[in-house]
Number of protein chains: 2
Amino acid sequence: MKQHRITFLPSERIFTVDDNETLLDAAMKAGVYINASCGGNSSCGKCRIKVIEGNVVSARDPKISRADYDRGYRLACKSRPEGNVVVEVPLESQINRSILRRRDRKPLILSASDLGQLVKKWKSNPSFFKVFLELPEPTMDDNISDLGRLVRELRKVYKKDNFSTEFKVLRKMSGMLRESLWKAIVTLTPRNGGYEIVNIEPGNKVLQNYSIVIDIGTTTVSGQILDLANCSQDICTLAESSDYNAQIRYGDDVISRIMYSRKKGGLANLQAAIMTTVNGIIKHLVNESGIEKALISHLIFAGNTTMTHLFFGLDPKNIMLAPYTPVSNSYPPVFARDLGLDLEDNVYVQASPCVSSYVGGDIVAGVIGSGMSRSDKITLFMDIGTNGEIVLGNKDWLICASCSAGPAFEGGGIQFGIRAENGAIEQVRINPVSYEPMIITVGKEKPKGICGSGLIDGVAELFLTRILDQNGKFRRDLSTSRVREGESGYEYVLVYKENTQIHRDIVVTEVDLANLIRAKAALYAGCKVLLDNVGLTFDDIERIIIAGGFGHYIDLEKAQTIGLLPELALERFIFVGNGSLLGARLFSFSRGFIEEAEKISKMMTNVELSNSQKFMDKFVAASFLPHTDGKAFPKTLKKRKDI
Amino acid sequence: MKQHRITFLPSERIFTVDDNETLLDAAMKAGVYINASCGGNSSCGKCRIKVIEGNVVSARDPKISRADYDRGYRLACKSRPEGNVVVEVPLESQINRSILRRRDRKPLILSASDLGQLVKKWKSNPSFFKVFLELPEPTMDDNISDLGRLVRELRKVYKKDNFSTEFKVLRKMSGMLRESLWKAIVTLTPRNGGYEIVNIEPGNKVLQNYSIVIDIGTTTVSGQILDLANCSQDICTLAESSDYNAQIRYGDDVISRIMYSRKKGGLANLQAAIMTTVNGIIKHLVNESGIEKALISHLIFAGNTTMTHLFFGLDPKNIMLAPYTPVSNSYPPVFARDLGLDLEDNVYVQASPCVSSYVGGDIVAGVIGSGMSRSDKITLFMDIGTNGEIVLGNKDWLICASCSAGPAFEGGGIQFGIRAENGAIEQVRINPVSYEPMIITVGKEKPKGICGSGLIDGVAELFLTRILDQNGKFRRDLSTSRVREGESGYEYVLVYKENTQIHRDIVVTEVDLANLIRAKAALYAGCKVLLDNVGLTFDDIERIIIAGGFGHYIDLEKAQTIGLLPELALERFIFVGNGSLLGARLFSFSRGFIEEAEKISKMMTNVELSNSQKFMDKFVAASFLPHTDGKAFPKTLKKRKDI
């Protein structure tokens, strides 16, 4: 992809963009304010810029007159650079404050190849592995049982005595061995200090071993099919697939699912729903990769504790009721077929172990997947969602907690909150003089609501431009009609109804603000409690790993501005995306990782915050913008002052 | 039961009988010949005796005239002594030869209390055992998972780290623990050098643990329910039940069952049939004992290799086809419910391990159950049936073989052969002068056929009275119409049709004799091969253990007479009856016995006779009465000479 340098006049701000990005994208990233009300949809016609040098691709929009077009005026949201370009931002949009200076160091995003690095030190050594055997045919002088013959050969290979056998193998072994002329591929798994024979297939020497790994999210389920036999130096992903968790129809979050599970037939319905989703993903992965289903040896999944319970059909009731005890945090291997999965008879399911009711297998997988549990560096792992799960520590110690942040980050409890779907406002800039906003939506569609990252962006801007005070209340003395008294108190109008899909003004209310502040305060306070528990401060943290689909879209500086994240140097932050799936991949790739997960899930100290006075104190202190302790957020307060 | 002394005149033979036995029983046991054609049914009216002293209970039969009755004549088959009695045997019945002298030393019959002796050295230590736990209730300061709580407590009790959990336990554990206020009875089984949690029940301190043990015979299935918790010094049997194996409808013997299993749906039908039979037995045991089904922790069964395969639904085809390889000789524990048994969800089935296609789990169980594998004494274990399985050895070494004896001992291939049911001739005496027979039937019903033990009895008598020669052919020169040429060659009429239920003459033919000789020769030759293999002779054998339902009814001397058993002193013989069930009882009582069974099943050297030239040679040599080597049967030849 080609890159082009965009110079914005009069600020002379320069920013480099990919050639599929618009000048509006460039301006947003460069921190150059351009009026834009419709999310980049070109319907408001406000994002006018003037091309001074270079070429842009931009059909003439009816909102630009022929004369203006000839003079170089374009809509930024419809213009793509064709080389380096110099553009002028119209007067009404010009602002030039130091706070908007673009950061020059980006946080690290852990990529698949980085993970490959982690794996490189490990040979592929899956829990379920295959071996090719050629057995001598029985004769009258050597007529031991078929199983005896198989085990005799395995003993030669593995120098171990202890082989147990899955009953299903016994049922098919004799016929298969004779049909395949005593050549067989045997799937083994470590058990009892020896091995269990879990499957037998007609054999040739080409060993194939595939696995399916799944991240079971409350909202989204993602899966991959991996090739384990032919990728010793890296994990080969043959196909990927994801889908909404079909349990959504029974409730949006874990608590409403648990409530539903208590109804008659509820648990069974929830279990069936997740099986339907996972079966769909399996089908898609098998079709996409062209792999024969019979060659899949196991499925590994990671999910939060409630998702894991529902997957297995375990009653999650006590996860919700004090003192919040799950049925179990580790799970025996179970046959996929017995749970209702469309996989072969001998395929086992293994789940990532959990730590507690609210620190689940997704977090354990994320900790493993991010490499945190093998690093000397003191690391803070944060999965930001409805429940902000946080883990602090390094290879020697780990401490964790779950902060009930509430659903604000996922758009819940926010009047115009929606998921990060097309039309969701995801980026917001506000002109500190005119208080007019500039927004970009997902998919550049007309706005229909605001997603979590958009909300953080917007609130950070509202705060920095001093439209909001530190209590999260709108100033009543501003000369803008954007701040007004609405039905539920004061609010700021982000988009007027004529520019929306929903034909209503999209606003941020003080109730929304209270919810967001509660969420960010819980997360921040949780981190503080963990740090306090081990006698550390934020400055001692060498790395902060942000996991979760939501984390991916967070603008770190804005998150620091509202006090969600501490003001550490941006290069200390790492985004891992779906840490849960990364971990599941590692579990499948090498059983060493599963053993590590079992170990760390038991060793992690879980701090229960829900009845902790210390947590409450810190939560109250954090329920300001950015925090009652201004000394913790010097950069933010300076920026706000400078505007 | 009272006992009475019967003195038979003129021989002055004295014999003691129980007061529910008839004078005909007494005469048969005492070796006193009395004419009796109807099996003791009183229909032939031939067994007249005269009471000289003492009283007998005997209603006057119309076949005794009033005058004769008054003179003391009675039918022996209808007379029971009321105290010591002296009776005279009519002239036509009198014989008095030394060979008929009753043995005075009886072989040992191993009783349940003898077994108790074996067990006394062992504490009850079943594979599936229960422990009562009282768990601390979860609190906010101690809110580990429910499983974690359970395992933490188990670790305190067992000082082991390694606890795995059956998935079904997870599913019910949380609700149960809360309902029972955190008191629970946990069923454990050793696994992985630690324990597996296989069940959890609401708890009180009264531990109850019951098991079901089953012997799966080709013809008969026998079961018992055992109390394992309250019998530390002995095995307590609470109820017993037995039934025909419902597979009989698909074939009488293992080979015909295997043939049937190859038909479409055949294997499934056979498996379903045995489940039906075992479920019937379970139901009966539960009803009879009044034990709550949920308190049964496991089921252990022993059966021959084919029965074991069919029980599990394993394809038995290759048991029948050279080189005779079973699918497996040891079997992983399987859930009873998964096999189709009406037991609770968490009940495991364990099978006695087998040695080879024709030395099965019943034999391994019998070897354990008879104590043979713990004794210094060199012992020959024989299970006499369609396949005569034999095991030779002691606690240090064991060698075994199966001799395809053919079904003659069970009445198969014998023209009038039937099972040992009512009306089956089971005892035969033949007057060496008149060649007239005296018979007793099972249930004293009119004869309808001859069972295995009756056949051995009859052939021994035919041989001793020189009606038969050493080749198993009838002498053609005798002055009796009982020996005649029939449709299939020469035959001896045991009962004329008017005295039978079937209105046909019941005969023993030369074809029958050939079949019987083949059967006994195979068994004898098999023993010789085993002895040869270890450089021993029959004289080195310190004990011969006869197992199997059929063995129970064998007259040892008659079996020696035909050359089925070697001529060792009778006190070296021990009858154990159903050795398979005895072994299963021990397996259930203590896991030490199962471990021993696994060990000896692997250590036993199986000698394949079916293609052994040595065996063929010895078989040919044994295909005479009693044997071509007369020196091996001096007593028999002397008896025959003396008659």
# chains A, B, ... in the order shown; residues from 1 in each chain; ligands from 1
>>> interface_residues(of="chain A", to="chain B", cutoff="9 Å", atoms="only C-alpha atoms", output="count of residues only")
47
>>> select_by_dssp(residues="range 116-271 of chain B", states="alpha helix (DSSP H)", output="MDAnalysis selection string")
chainID B and resid 116:120 146:158 167:179 254:261 266:271
>>> residues_around(residues="Tyr496 in chain A", least_positions_apart="5", cutoff="8 Å", atoms="only C-alpha atoms", output="VMD selection string")
chain A and resid 37 504 to 506
>>> select_by_dssp(residues="range 412-473 of chain B", states="strand (DSSP E or B)", output="list in words")
Gly417, Ala424, Ile425, Glu426, Gln427, Val428, Arg429, Ile430, Pro437, Met438, Ile439, Ile440, Thr441, Gly449, Ile450 and Leu468 of chain B
>>> residues_around(residues="Gly72 in chain B", least_positions_apart="2", cutoff="6 Å", atoms="only C-alpha atoms", output="PyMOL selection string")
chain B and resi 50-51+69-70
>>> write_last_selection(atoms="N, CA, C and O atoms", output="tab-separated table (two decimals), in the first residue's frame")
chain	number	residue	atom	x	y	z
B	50	LYS	N	-36.85	-104.55	50.67
B	50	LYS	CA	-37.64	-105.04	51.79
B	50	LYS	C	-37.06	-104.46	53.08
B	50	LYS	O	-35.84	-104.57	53.32
B	51	VAL	N	-37.92	-103.79	53.87
B	51	VAL	CA	-37.45	-103.19	55.12
B	51	VAL	C	-37.40	-104.29	56.18
B	51	VAL	O	-38.38	-104.97	56.45
B	69	TYR	N	-46.60	-105.37	50.58
B	69	TYR	CA	-46.45	-104.19	51.42
B	69	TYR	C	-46.39	-104.61	52.88
B	69	TYR	O	-45.54	-104.15	53.64
B	70	ASP	N	-47.34	-105.50	53.24
B	70	ASP	CA	-47.38	-105.94	54.64
B	70	ASP	C	-46.13	-106.71	55.02
B	70	ASP	O	-45.70	-106.67	56.17
>>> residues_around(residues="Val278 in chain A", least_positions_apart="6", cutoff="12 Å", atoms="only C-alpha atoms", output="ChimeraX atom specification")
/A:212-217,220-224,241-247,271-272,284-285,299-301,311,336,339-343
>>> write_last_selection(atoms="N, CA and C atoms", output="tab-separated table (two decimals), in the first residue's frame")
chain	number	residue	atom	x	y	z
A	212	ILE	N	-8.89	-27.29	16.34
A	212	ILE	CA	-9.71	-26.09	16.29
A	212	ILE	C	-9.55	-25.36	17.61
A	213	VAL	N	-9.33	-24.06	17.53
A	213	VAL	CA	-9.23	-23.25	18.73
A	213	VAL	C	-10.32	-22.19	18.67
A	214	ILE	N	-10.93	-21.95	19.82
A	214	ILE	CA	-12.08	-21.05	19.85
A	214	ILE	C	-11.96	-20.11	21.04
A	215	ASP	N	-12.29	-18.88	20.78
A	215	ASP	CA	-12.48	-17.93	21.89
A	215	ASP	C	-13.98	-17.74	22.04
A	216	ILE	N	-14.51	-18.10	23.21
A	216	ILE	CA	-15.95	-17.95	23.44
A	216	ILE	C	-16.17	-16.64	24.17
A	217	GLY	N	-16.49	-15.60	23.44
A	217	GLY	CA	-16.80	-14.34	24.09
A	217	GLY	C	-18.28	-14.26	24.41
A	220	THR	N	-19.07	-12.28	21.06
A	220	THR	CA	-18.54	-12.79	19.81
A	220	THR	C	-17.77	-14.08	20.06
A	221	VAL	N	-17.89	-15.00	19.12
A	221	VAL	CA	-17.15	-16.26	19.20
A	221	VAL	C	-16.24	-16.31	17.97
A	222	SER	N	-14.95	-16.56	18.21
A	222	SER	CA	-14.00	-16.58	17.10
A	222	SER	C	-13.25	-17.90	17.11
A	223	GLY	N	-13.03	-18.44	15.94
A	223	GLY	CA	-12.33	-19.72	15.87
A	223	GLY	C	-11.32	-19.75	14.76
A	224	GLN	N	-10.37	-20.66	14.89
A	224	GLN	CA	-9.38	-20.89	13.84
A	224	GLN	C	-9.14	-22.38	13.73
A	241	SER	N	-12.78	-17.89	11.49
A	241	SER	CA	-14.21	-17.62	11.38
A	241	SER	C	-14.70	-17.03	12.68
A	242	SER	N	-15.67	-16.14	12.58
A	242	SER	CA	-16.27	-15.70	13.84
A	242	SER	C	-17.74	-15.36	13.63
A	243	ASP	N	-18.44	-15.30	14.73
A	243	ASP	CA	-19.88	-15.11	14.67
A	243	ASP	C	-20.33	-14.56	16.03
A	244	TYR	N	-21.51	-13.95	16.04
A	244	TYR	CA	-22.08	-13.57	17.33
A	244	TYR	C	-22.40	-14.82	18.12
A	245	ASN	N	-22.24	-14.75	19.41
A	245	ASN	CA	-22.65	-15.83	20.31
A	245	ASN	C	-24.18	-15.90	20.29
A	246	ALA	N	-24.72	-17.04	19.88
A	246	ALA	CA	-26.18	-17.16	19.74
A	246	ALA	C	-26.90	-17.05	21.08
A	247	GLN	N	-26.15	-17.07	22.18
A	247	GLN	CA	-26.78	-16.87	23.49
A	247	GLN	C	-27.28	-15.45	23.66
A	271	GLN	N	-26.76	-23.76	26.63
A	271	GLN	CA	-25.72	-24.68	26.17
A	271	GLN	C	-25.94	-25.00	24.69
A	272	ALA	N	-27.20	-25.25	24.34
A	272	ALA	CA	-27.50	-25.56	22.93
A	272	ALA	C	-27.14	-24.38	22.03
A	284	HIS	N	-17.71	-23.80	9.05
A	284	HIS	CA	-17.07	-22.80	8.21
A	284	HIS	C	-15.57	-23.06	8.11
A	285	LEU	N	-14.95	-23.37	9.23
A	285	LEU	CA	-13.49	-23.61	9.23
A	285	LEU	C	-13.14	-24.83	8.38
A	299	LEU	N	-10.22	-29.91	20.20
A	299	LEU	CA	-10.71	-28.53	20.18
A	299	LEU	C	-10.36	-27.92	21.53
A	300	ILE	N	-9.78	-26.75	21.46
A	300	ILE	CA	-9.45	-26.06	22.70
A	300	ILE	C	-10.16	-24.71	22.71
A	301	PHE	N	-10.79	-24.40	23.82
A	301	PHE	CA	-11.44	-23.09	23.87
A	301	PHE	C	-11.08	-22.35	25.15
A	311	PHE	N	-20.81	-23.52	28.33
A	311	PHE	CA	-20.33	-24.42	27.28
A	311	PHE	C	-20.47	-25.87	27.73
A	336	ALA	N	-16.13	-34.02	22.54
A	336	ALA	CA	-16.85	-32.99	21.82
A	336	ALA	C	-18.27	-33.45	21.50
A	339	LEU	N	-20.90	-33.16	24.15
A	339	LEU	CA	-21.40	-31.82	24.43
A	339	LEU	C	-22.34	-31.35	23.33
A	340	GLY	N	-22.34	-32.04	22.20
A	340	GLY	CA	-23.21	-31.63	21.11
A	340	GLY	C	-22.46	-30.99	19.96
A	341	LEU	N	-21.14	-31.17	19.92
A	341	LEU	CA	-20.36	-30.58	18.84
A	341	LEU	C	-20.28	-31.56	17.66
A	342	ASP	N	-20.31	-31.01	16.47
A	342	ASP	CA	-20.24	-31.83	15.25
A	342	ASP	C	-18.79	-32.17	14.94
A	343	LEU	N	-18.18	-32.96	15.78
A	343	LEU	CA	-16.82	-33.42	15.52
A	343	LEU	C	-16.82	-34.94	15.70
>>> residues_around(residues="Glu461 in chain B", least_positions_apart="2", cutoff="9 Å", atoms="only C-alpha atoms", output="JSON, numbers by chain")
{"B": [428, 429, 430, 431, 432, 456, 457, 458, 459, 463, 464, 465, 466, 467, 468, 558, 561]}
>>> residues_around(residues="Lys183 in chain A", least_positions_apart="3", cutoff="6 Å", atoms="only C-alpha atoms", output="MDAnalysis selection string")
chainID A and resid 133:134 180 203
>>> atom_distance(atom1="CA of Ala525 in chain A", atom2="CA of Met382 in chain A")
12.7 Å
>>> closest_residue(among="A:Pro407, A:Gly472, A:Pro626, A:Gly535", to="Leu564 in chain A", atoms="only C-alpha atoms")
A:Pro626
>>> closest_residue(among="A:Leu23, A:Leu586, A:Ile248, A:Met28", to="Arg48 in chain A", atoms="only C-alpha atoms")
A:Leu23
>>> atom_distance(atom1="CA of Val206 in chain A", atom2="CA of Lys130 in chain A")
10.3 Å
>>> atom_distance(atom1="CA of Glu196 in chain B", atom2="CA of Leu321 in chain A")
28.6 Å
